[in-house]
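Just below is one structure, and these are the notes that go with it.
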Amino acid sequence: MRKTIASLMAAAAVAGTLAPAHAEQVGKIGVDWFGNDIKIEAVTDPKVEGVTCHLAYFDRGVIDRLQKGNWFEDPSNAALSCQQTGPIRIGDIDLGQSGEEVFRQSISLIWKKQVVRRIYDKANDTLVYVAHSQQVQDGSAKMAITTVPLYGQQVEWAKGKPQ
């Protein structure tokens, strides 16, 4: 049991360091006197040029953490909006139904992550982005979704448009 827990912790630590994309904070809104903020980050899709996602999430302050306990964790709530911000060039993306992770950041000391995934909806020629939290157990149903339609756009595919 002890070996299993140590293995899970090591895997979680490694997974947390393999973030596919980088986020740049573009906004921060103070919501109360306890240091709680809403942070807004711009996330670029590393395999899709010309698309930028903006992720907004709640960041708990120190006073709130001391007052309410649960010191090492932020809520799973997030809002997401992705838009075309330049010419779209799509690299070698995963076309499977689960898509692929575009961004990941820790929202607890070890186990809980905020994740953005991209899925290609071939039938509607649309990129679908979903923000959700990921945990070892007790997954959250809180999510946000946004789409970037490709129909009628001049899109360059690295391996040719999927048929």
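In the structure tokens, each chain is lettered A, B, ... as it comes, each chain's residues begin at 1, and ligands are numbered from 1 in order of appearance.
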
Excluding Asp125 of chain A and its own-chain neighbours fewer than 3 positions away, which residues fall within 12 Å of it when counting only C-alpha atoms? Please give them as a ChimeraX atom specification.
/A:95,119-122,128,147-153,155,161-163

Those same residues - N, CA and C atoms - I'd like them written as a compact mmCIF listing (two decimals), in the first residue's frame.
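To be explicit, this is the file written out as out14.txt:
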# COMPACT_ATOMS: atom_id res chain seq x y z
N LEU A 95 -6.93 13.13 -33.50
CA LEU A 95 -8.27 13.21 -34.07
C LEU A 95 -9.25 12.27 -33.38
N ILE A 119 -10.77 18.85 -28.94
CA ILE A 119 -11.35 17.74 -29.70
C ILE A 119 -11.72 18.30 -31.07
N TYR A 120 -11.41 17.55 -32.12
CA TYR A 120 -11.81 17.97 -33.46
C TYR A 120 -13.13 17.30 -33.80
N ASP A 121 -14.16 18.11 -34.05
CA ASP A 121 -15.47 17.63 -34.48
C ASP A 121 -15.45 17.65 -36.01
N LYS A 122 -15.10 16.50 -36.59
CA LYS A 122 -14.94 16.39 -38.05
C LYS A 122 -16.25 16.68 -38.79
N VAL A 128 -13.26 21.92 -30.72
CA VAL A 128 -13.99 22.03 -29.47
C VAL A 128 -12.97 22.03 -28.33
N THR A 147 -16.11 26.66 -28.76
CA THR A 147 -15.77 26.09 -30.07
C THR A 147 -15.15 27.14 -30.97
N VAL A 148 -14.34 26.66 -31.92
CA VAL A 148 -13.77 27.50 -32.97
C VAL A 148 -14.16 26.85 -34.29
N PRO A 149 -15.17 27.41 -34.99
CA PRO A 149 -15.59 26.83 -36.27
C PRO A 149 -14.53 27.05 -37.34
N LEU A 150 -14.28 26.02 -38.13
CA LEU A 150 -13.30 26.10 -39.22
C LEU A 150 -13.97 26.27 -40.58
N TYR A 151 -15.27 26.03 -40.63
CA TYR A 151 -16.02 26.10 -41.88
C TYR A 151 -15.86 27.49 -42.51
N GLY A 152 -15.53 27.50 -43.78
CA GLY A 152 -15.38 28.76 -44.50
C GLY A 152 -14.09 29.50 -44.22
N GLN A 153 -13.26 28.96 -43.34
CA GLN A 153 -11.97 29.60 -43.02
C GLN A 153 -10.88 29.01 -43.90
N VAL A 155 -7.88 27.31 -43.69
CA VAL A 155 -7.13 26.58 -42.67
C VAL A 155 -6.06 25.74 -43.34
N LYS A 161 -6.17 18.01 -44.58
CA LYS A 161 -7.43 17.98 -43.84
C LYS A 161 -7.95 16.54 -43.77
N PRO A 162 -8.38 16.11 -42.57
CA PRO A 162 -8.92 14.74 -42.43
C PRO A 162 -10.15 14.55 -43.32
N GLN A 163 -10.20 13.40 -43.95
CA GLN A 163 -11.33 13.09 -44.85
C GLN A 163 -12.42 12.35 -44.15

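The two atoms in question, atom CA of Asn124 of chain A and atom CA of Leu55 of chain A, are spaced 24.0 Å apart.
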
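Remark: for Phe34 of chain A, the closest of the candidate residues A:Asp59, A:Glu156, A:Glu100, A:Asp92 is A:Asp59 (distances computed over only C-alpha atoms).
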
Using Å and a single decimal, report how far atom CA of Ile88 of chain A sits from atom CA of Trp157 of chain A.
8.6 Å

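Closest approach to Val116 of chain A from the set A:Pro46, A:Gly91, A:Asp32, A:Gly86 is made by A:Pro46, with distances taken over only C-alpha atoms.
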
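Of the residues listed (A:Arg118, A:Arg104, A:Arg89, A:Lys159), A:Arg89 shows the shortest atom-to-atom separation from Gly50 of chain A; distances use only C-alpha atoms.
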
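As for atom CA of Leu80 of chain A and atom CA of Gln154 of chain A, they are spaced 24.2 Å apart.
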